[in-house]
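**Q** Contents are JSON, C-alpha atoms; file name work-v7.json:
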```json
[["chain", "number", "residue", "atom", "x", "y", "z"],
["A", 1, "MET", "CA", 30.63, -13.74, -9.84],
["A", 2, "LYS", "CA", 32.73, -13.07, -12.90],
["A", 3, "ASN", "CA", 30.99, -12.69, -16.23],
["A", 4, "ARG", "CA", 31.55, -11.61, -19.83],
["A", 5, "ILE", "CA", 28.70, -9.10, -20.03],
["A", 6, "ARG", "CA", 30.90, -6.03, -20.61],
["A", 7, "GLU", "CA", 32.94, -7.84, -23.27],
["A", 8, "LEU", "CA", 29.83, -9.13, -25.08],
["A", 9, "ARG", "CA", 28.10, -5.77, -24.82],
["A", 10, "LYS", "CA", 31.09, -3.97, -26.31],
["A", 11, "GLU", "CA", 31.29, -6.53, -29.12],
["A", 12, "ALA", "CA", 27.63, -5.91, -29.87],
["A", 13, "ARG", "CA", 28.27, -2.12, -29.65],
["A", 14, "LEU", "CA", 25.54, -1.64, -27.11],
["A", 15, "SER", "CA", 25.27, 0.86, -24.31],
["A", 16, "GLN", "CA", 24.39, -0.33, -20.81],
["A", 17, "GLU", "CA", 21.03, 1.39, -21.16],
["A", 18, "GLU", "CA", 20.25, -0.44, -24.41],
["A", 19, "LEU", "CA", 21.20, -3.82, -22.98],
["A", 20, "ALA", "CA", 19.18, -3.09, -19.84],
["A", 21, "LEU", "CA", 16.06, -2.28, -21.86],
["A", 22, "ALA", "CA", 16.57, -5.37, -24.03],
["A", 23, "VAL", "CA", 16.73, -7.75, -21.06],
["A", 24, "GLY", "CA", 14.16, -5.94, -18.91],
["A", 25, "THR", "CA", 16.28, -4.41, -16.20],
["A", 26, "THR", "CA", 17.93, -1.10, -15.33],
["A", 27, "ARG", "CA", 21.27, 0.41, -16.34],
["A", 28, "GLN", "CA", 22.38, 0.33, -12.70],
["A", 29, "THR", "CA", 21.86, -3.43, -12.56],
["A", 30, "ILE", "CA", 23.93, -3.94, -15.70],
["A", 31, "THR", "CA", 26.70, -1.78, -14.18],
["A", 32, "SER", "CA", 26.64, -3.83, -10.96],
["A", 33, "LEU", "CA", 26.72, -7.08, -12.92],
["A", 34, "GLU", "CA", 29.65, -5.92, -15.03],
["A", 35, "VAL", "CA", 31.76, -4.95, -12.04],
["A", 36, "GLY", "CA", 30.79, -8.13, -10.21],
["A", 37, "LYS", "CA", 29.02, -6.41, -7.32],
["A", 38, "TYR", "CA", 25.73, -8.14, -7.99],
["A", 39, "THR", "CA", 24.92, -11.70, -9.02],
["A", 40, "ALA", "CA", 22.05, -12.04, -11.48],
["A", 41, "SER", "CA", 19.06, -14.22, -10.76],
["A", 42, "LEU", "CA", 18.56, -17.30, -12.90],
["A", 43, "LYS", "CA", 15.84, -15.48, -14.83],
["A", 44, "LEU", "CA", 18.02, -12.46, -15.64],
["A", 45, "ALA", "CA", 21.06, -14.63, -16.39],
["A", 46, "TYR", "CA", 18.95, -16.60, -18.85],
["A", 47, "LYS", "CA", 17.63, -13.43, -20.51],
["A", 48, "ILE", "CA", 21.15, -12.01, -20.91],
["A", 49, "ALA", "CA", 22.56, -15.27, -22.26],
["A", 50, "LYS", "CA", 19.62, -15.65, -24.64],
["A", 51, "TYR", "CA", 20.06, -12.07, -25.86],
["A", 52, "PHE", "CA", 23.65, -12.85, -26.90],
["A", 53, "ASN", "CA", 22.65, -16.29, -28.27],
["A", 54, "LEU", "CA", 24.87, -18.03, -25.75],
["A", 55, "THR", "CA", 24.35, -20.42, -22.84],
["A", 56, "ILE", "CA", 24.41, -19.18, -19.25],
["A", 57, "GLU", "CA", 27.75, -20.93, -18.66],
["A", 58, "GLU", "CA", 29.27, -19.08, -21.60],
["A", 59, "VAL", "CA", 28.34, -15.71, -20.09],
["A", 60, "PHE", "CA", 28.75, -16.38, -16.37],
["A", 61, "ASP", "CA", 31.75, -17.98, -14.69],
["A", 62, "PHE", "CA", 30.62, -20.56, -12.13],
["A", 63, "GLU", "CA", 34.12, -21.61, -11.06],
["A", 64, "ASP", "CA", 33.98, -19.47, -7.90],
["A", 65, "MET", "CA", 30.82, -21.26, -6.84],
["A", 66, "GLU", "CA", 32.32, -24.69, -7.43],
["A", 67, "GLU", "CA", 35.17, -23.84, -5.06],
["A", 68, "MET", "CA", 32.60, -23.24, -2.31],
["B", 1, "MET", "CA", 2.26, -4.69, -19.35],
["B", 2, "ASP", "CA", -1.55, -4.27, -19.51],
["B", 3, "LYS", "CA", -1.83, -5.21, -15.83],
["B", 4, "TYR", "CA", 0.83, -2.62, -15.03],
["B", 5, "LYS", "CA", -1.12, 0.00, -17.00],
["B", 6, "VAL", "CA", -4.19, -0.71, -14.85],
["B", 7, "ARG", "CA", -2.03, -0.37, -11.74],
["B", 8, "ILE", "CA", -0.70, 2.99, -12.96],
["B", 9, "LYS", "CA", -4.24, 4.18, -13.67],
["B", 10, "ASN", "CA", -5.27, 3.17, -10.13],
["B", 11, "ARG", "CA", -2.32, 5.10, -8.76],
["B", 12, "MET", "CA", -3.39, 8.15, -10.73],
["B", 13, "ILE", "CA", -6.86, 7.92, -9.14],
["B", 14, "PHE", "CA", -5.21, 7.71, -5.70],
["B", 15, "ASP", "CA", -2.98, 10.70, -6.54],
["B", 16, "MET", "CA", -6.00, 12.71, -7.65],
["B", 17, "ILE", "CA", -8.09, 11.87, -4.57],
["B", 18, "GLY", "CA", -5.11, 12.63, -2.30],
["B", 19, "THR", "CA", -4.45, 15.96, -4.02],
["B", 20, "VAL", "CA", -8.10, 17.03, -3.77],
["B", 21, "ALA", "CA", -8.24, 15.98, -0.12],
["B", 22, "PHE", "CA", -4.98, 17.57, 1.04],
["B", 23, "LEU", "CA", -4.75, 20.62, -1.23],
["B", 24, "PRO", "CA", -6.93, 22.85, 1.00],
["B", 25, "VAL", "CA", -4.76, 21.92, 4.02],
["B", 26, "ALA", "CA", -1.58, 22.65, 2.03],
["B", 27, "VAL", "CA", -2.94, 26.01, 0.86],
["B", 28, "TYR", "CA", -3.88, 26.86, 4.44],
["B", 29, "ALA", "CA", -0.38, 25.90, 5.62],
["B", 30, "LEU", "CA", 1.18, 27.99, 2.84],
["B", 31, "ILE", "CA", -0.90, 31.05, 3.78],
["B", 32, "ARG", "CA", 0.21, 30.61, 7.40],
["B", 33, "TYR", "CA", 3.86, 30.54, 6.28],
["B", 34, "TRP", "CA", 3.43, 33.84, 4.46],
["B", 35, "ASN", "CA", 1.97, 35.39, 7.58],
["B", 36, "ILE", "CA", 4.51, 33.78, 9.89],
["B", 37, "GLU", "CA", 6.34, 37.01, 10.72],
["B", 38, "GLY", "CA", 3.11, 38.67, 11.75],
["B", 39, "VAL", "CA", 2.19, 35.69, 13.87],
["B", 40, "MET", "CA", 5.62, 35.33, 15.47],
["B", 41, "SER", "CA", 6.38, 38.96, 16.29],
["B", 42, "GLY", "CA", 6.65, 39.37, 20.04],
["B", 43, "ALA", "CA", 5.75, 35.72, 20.69],
["B", 44, "PRO", "CA", 7.29, 34.06, 23.75],
["B", 45, "VAL", "CA", 9.88, 31.28, 23.28],
["B", 46, "LYS", "CA", 7.50, 28.40, 23.97],
["B", 47, "ASP", "CA", 5.17, 29.72, 21.24],
["B", 48, "PHE", "CA", 8.15, 29.86, 18.91],
["B", 49, "PHE", "CA", 8.70, 26.11, 19.33],
["B", 50, "ALA", "CA", 4.99, 25.46, 18.87],
["B", 51, "GLY", "CA", 5.27, 27.48, 15.65],
["B", 52, "VAL", "CA", 8.24, 25.39, 14.48],
["B", 53, "ILE", "CA", 6.34, 22.15, 15.12],
["B", 54, "ASN", "CA", 3.26, 23.46, 13.29],
["B", 55, "GLY", "CA", 5.52, 24.69, 10.49],
["B", 56, "VAL", "CA", 7.08, 21.26, 10.08],
["B", 57, "ARG", "CA", 3.63, 19.68, 9.96],
["B", 58, "GLY", "CA", 2.54, 22.21, 7.35],
["B", 59, "ALA", "CA", 5.68, 21.60, 5.30],
["B", 60, "ALA", "CA", 5.00, 17.85, 5.42],
["B", 61, "VAL", "CA", 1.48, 18.35, 4.04],
["B", 62, "ILE", "CA", 2.76, 20.71, 1.31],
["B", 63, "ALA", "CA", 5.51, 18.22, 0.39],
["B", 64, "PHE", "CA", 2.96, 15.38, 0.28],
["B", 65, "VAL", "CA", 0.66, 17.33, -2.05],
["B", 66, "ILE", "CA", 3.60, 18.25, -4.32],
["B", 67, "TYR", "CA", 4.63, 14.58, -4.37],
["B", 68, "LEU", "CA", 1.08, 13.50, -5.30],
["B", 69, "MET", "CA", 0.93, 16.08, -8.10],
["B", 70, "PHE", "CA", 4.36, 15.06, -9.40],
["B", 71, "SER", "CA", 3.39, 11.39, -9.24],
["B", 72, "PHE", "CA", 0.15, 12.09, -11.14],
["B", 73, "VAL", "CA", 1.94, 13.95, -13.95],
["B", 74, "ASN", "CA", 4.69, 11.32, -14.11],
["B", 75, "ASN", "CA", 2.13, 8.49, -14.34],
["B", 76, "LEU", "CA", 0.12, 10.39, -16.96],
["B", 77, "LEU", "CA", 3.23, 10.84, -19.12],
["B", 78, "ALA", "CA", 4.06, 7.14, -18.72],
["B", 79, "ILE", "CA", 0.56, 6.04, -19.74],
["B", 80, "ARG", "CA", 0.86, 8.11, -22.91],
["B", 81, "ASN", "CA", 4.38, 6.98, -23.76],
["B", 82, "GLU", "CA", 4.95, 3.24, -24.17],
["B", 83, "GLU", "CA", 8.75, 3.56, -23.94],
["B", 84, "LYS", "CA", 8.58, 5.49, -20.67],
["B", 85, "LEU", "CA", 6.04, 3.03, -19.29],
["B", 86, "LYS", "CA", 8.35, 0.12, -20.11],
["B", 87, "LYS", "CA", 11.29, 1.86, -18.45],
["B", 88, "MET", "CA", 9.19, 2.64, -15.39],
["B", 89, "TYR", "CA", 8.10, -1.00, -15.17],
["B", 90, "PHE", "CA", 11.71, -2.22, -15.37],
["B", 91, "GLU", "CA", 12.77, 0.24, -12.69],
["B", 92, "GLU", "CA", 9.95, -0.81, -10.39],
["B", 93, "TYR", "CA", 10.47, -4.54, -10.79],
["B", 94, "ASP", "CA", 14.25, -4.48, -11.12],
["B", 95, "GLU", "CA", 15.63, -7.47, -9.19],
["B", 96, "ARG", "CA", 18.63, -5.52, -7.86],
["B", 97, "ALA", "CA", 16.34, -2.79, -6.50],
["B", 98, "LEU", "CA", 14.21, -5.47, -4.82],
["B", 99, "ALA", "CA", 17.36, -7.09, -3.36],
["B", 100, "ILE", "CA", 18.49, -3.71, -2.02],
["B", 101, "SER", "CA", 15.07, -3.17, -0.48],
["B", 102, "GLU", "CA", 15.12, -6.61, 1.16],
["B", 103, "HIS", "CA", 18.62, -6.12, 2.61],
["B", 104, "SER", "CA", 17.74, -2.64, 3.79],
["B", 105, "SER", "CA", 14.52, -3.90, 5.47],
["B", 106, "ARG", "CA", 16.43, -6.64, 7.26],
["B", 107, "VAL", "CA", 19.09, -4.26, 8.56],
["B", 108, "THR", "CA", 16.45, -1.70, 9.58],
["B", 109, "TYR", "CA", 14.53, -4.41, 11.44],
["B", 110, "ASN", "CA", 17.61, -5.60, 13.31],
["B", 111, "ILE", "CA", 18.64, -2.07, 14.32],
["B", 112, "THR", "CA", 15.07, -1.17, 15.36],
["B", 113, "ILE", "CA", 14.58, -4.29, 17.46],
["B", 114, "TYR", "CA", 17.87, -3.75, 19.36],
["B", 115, "ILE", "CA", 17.29, -0.02, 19.88],
["B", 116, "ILE", "CA", 13.77, -0.64, 21.24],
["B", 117, "LEU", "CA", 15.08, -3.37, 23.55],
["B", 118, "VAL", "CA", 17.97, -1.26, 24.88],
["B", 119, "SER", "CA", 15.64, 1.75, 25.30],
["B", 120, "CYS", "CA", 13.16, -0.49, 27.14],
["B", 121, "ILE", "CA", 15.86, -1.57, 29.61],
["B", 122, "ILE", "CA", 17.25, 1.97, 30.12],
["B", 123, "THR", "CA", 13.83, 3.62, 30.57],
["B", 124, "GLY", "CA", 12.90, 0.81, 32.98],
["B", 125, "LEU", "CA", 15.34, 2.39, 35.46],
["B", 126, "TYR", "CA", 13.46, 5.72, 35.38],
["B", 127, "ASN", "CA", 9.90, 5.28, 34.13],
["B", 128, "THR", "CA", 7.94, 2.02, 34.22],
["B", 129, "THR", "CA", 5.11, 3.27, 31.95],
["B", 130, "ILE", "CA", 7.46, 4.19, 29.08],
["B", 131, "SER", "CA", 9.42, 0.98, 29.57],
["B", 132, "MET", "CA", 6.28, -1.19, 29.46],
["B", 133, "THR", "CA", 5.05, 0.68, 26.36],
["B", 134, "LEU", "CA", 8.38, 0.00, 24.63],
["B", 135, "LEU", "CA", 8.18, -3.65, 25.71],
["B", 136, "VAL", "CA", 4.71, -3.96, 24.14],
["B", 137, "VAL", "CA", 6.03, -2.34, 20.93],
["B", 138, "TRP", "CA", 9.02, -4.71, 20.95],
["B", 139, "ILE", "CA", 6.77, -7.76, 21.40],
["B", 140, "PHE", "CA", 4.45, -6.52, 18.64],
["B", 141, "VAL", "CA", 7.32, -5.95, 16.18],
["B", 142, "PHE", "CA", 8.93, -9.28, 17.08],
["B", 143, "LEU", "CA", 5.67, -11.22, 16.73],
["B", 144, "THR", "CA", 4.90, -9.52, 13.41],
["B", 145, "ARG", "CA", 8.32, -10.62, 12.18],
["B", 146, "ILE", "CA", 7.75, -14.22, 13.26],
["B", 147, "ILE", "CA", 4.26, -14.31, 11.72],
["B", 148, "THR", "CA", 5.45, -12.84, 8.40],
["B", 149, "ILE", "CA", 8.41, -15.27, 8.25],
["B", 150, "SER", "CA", 6.06, -18.18, 8.91],
["B", 151, "PHE", "CA", 3.62, -16.85, 6.26],
["B", 152, "TYR", "CA", 6.27, -16.52, 3.56],
["B", 153, "ASN", "CA", 7.82, -19.83, 4.60],
["B", 154, "ASN", "CA", 4.60, -21.53, 3.55],
["B", 155, "LYS", "CA", 4.07, -19.30, 0.53],
["B", 156, "ILE", "CA", 7.50, -19.47, -1.11]]
```
Translate this structure into structure tokens?

**A**
Amino acid sequence: MKNRIRELRKEARLSQEELALAVGTTRQTITSLEVGKYTASLKLAYKIAKYFNLTIEEVFDFEDMEEM
Amino acid sequence: MDKYKVRIKNRMIFDMIGTVAFLPVAVYALIRYWNIEGVMSGAPVKDFFAGVINGVRGAAVIAFVIYLMFSFVNNLLAIRNEEKLKKMYFEEYDERALAISEHSSRVTYNITIYIILVSCIITGLYNTTISMTLLVVWIFVFLTRIITISFYNNKI
């Protein structure tokens, strides 16, 4: 699933490690999310969106899922 | 996080008990390694293989004790450092790590069940006892899988 995590993280001048600690996950998970290898759970997606003061839809692209 | 702290403390107790229990065995194994040349000189080939097997067992005990000691120190440092404890908690409960573990377990199960079944059929041509033992193992593993699926089906 496509997302804007890398873009938002860079805007906020955060490292992957810092974002991971802020949302309660690991740096490896953030890396996987950014490259689209892993799809976040609803809980993690919510935490990430909340951290950037955005909605889940604004961070994650659900268009691929709608095509299914 | 308080619950996790209690869990870490329990682990430290386990590490300590394990270290105390296995340390004498590890020390004994280590002493035997140092004397290995004396023991092995002039030994026949079959004794050499027995020595290798005993050596591997000894190495496993030594590795286990080292692991327990490392785990104890690591947990102690985490208990004393809130930041490290938090990081450790995130690593342990990371959803991606759990997903990897689940996928890996599923693949391992599938491979195991097919290998046991194929081995059961092949050994059946040569040795009935081994084949029947493998069949019992296969049934046990398969039934365990069905029971756990049914359990989690009701739970989740």

**Q** I need the chain B residues near chain A as JSON, numbers by chain; criterion: at most 9 Å, counting all atoms listed in the file.

**A** {"B": [86, 87, 89, 90, 91, 93, 94, 95, 96, 97]}

**Q** Quick one: residues within 10 Å of segment 54-59 of chain A, all atoms listed in the file counted, chain neighbours fewer than 2 positions away excluded, as a list in words?

**A**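 Here the qualifying residues turn out to be Lys2, Asn3, Arg4, Ile5, Glu7, Leu8, Leu42, Leu44, Ala45, Tyr46, Lys47, Ile48, Ala49, Lys50, Tyr51, Phe52, Asp61, Phe62 and Glu63 of chain A.
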
**Q** May I ask for the distance between atom CA of Glu92 of chain B and atom CA of Met69 of chain B, given in Å to one decimal place?

**A**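 Atom CA of Met69 of chain B lies 19.3 Å from atom CA of Glu92 of chain B.
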
**Q** For Val73 of chain B, which of B:Lys9, B:Arg32, B:His103, B:Arg57 is the closest residue, counting all atoms listed in the file?

**A**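 The answer is B:Lys9, which sits nearest to Val73 of chain B.
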
**Q** Report, in Å to a single decimal, how far apart atom CA of Arg6 of chain A and atom CA of Gly36 of chain A are.

**A**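 Between atom CA of Gly36 of chain A and atom CA of Arg6 of chain A the gap works out to 10.6 Å.
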
**Q** What does the distance from atom CA of Leu98 of chain B to atom CA of Asn75 of chain B come to in Å, to one decimal?

**A**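 Straight-line distance from atom CA of Leu98 of chain B to atom CA of Asn75 of chain B works out to 20.8 Å.
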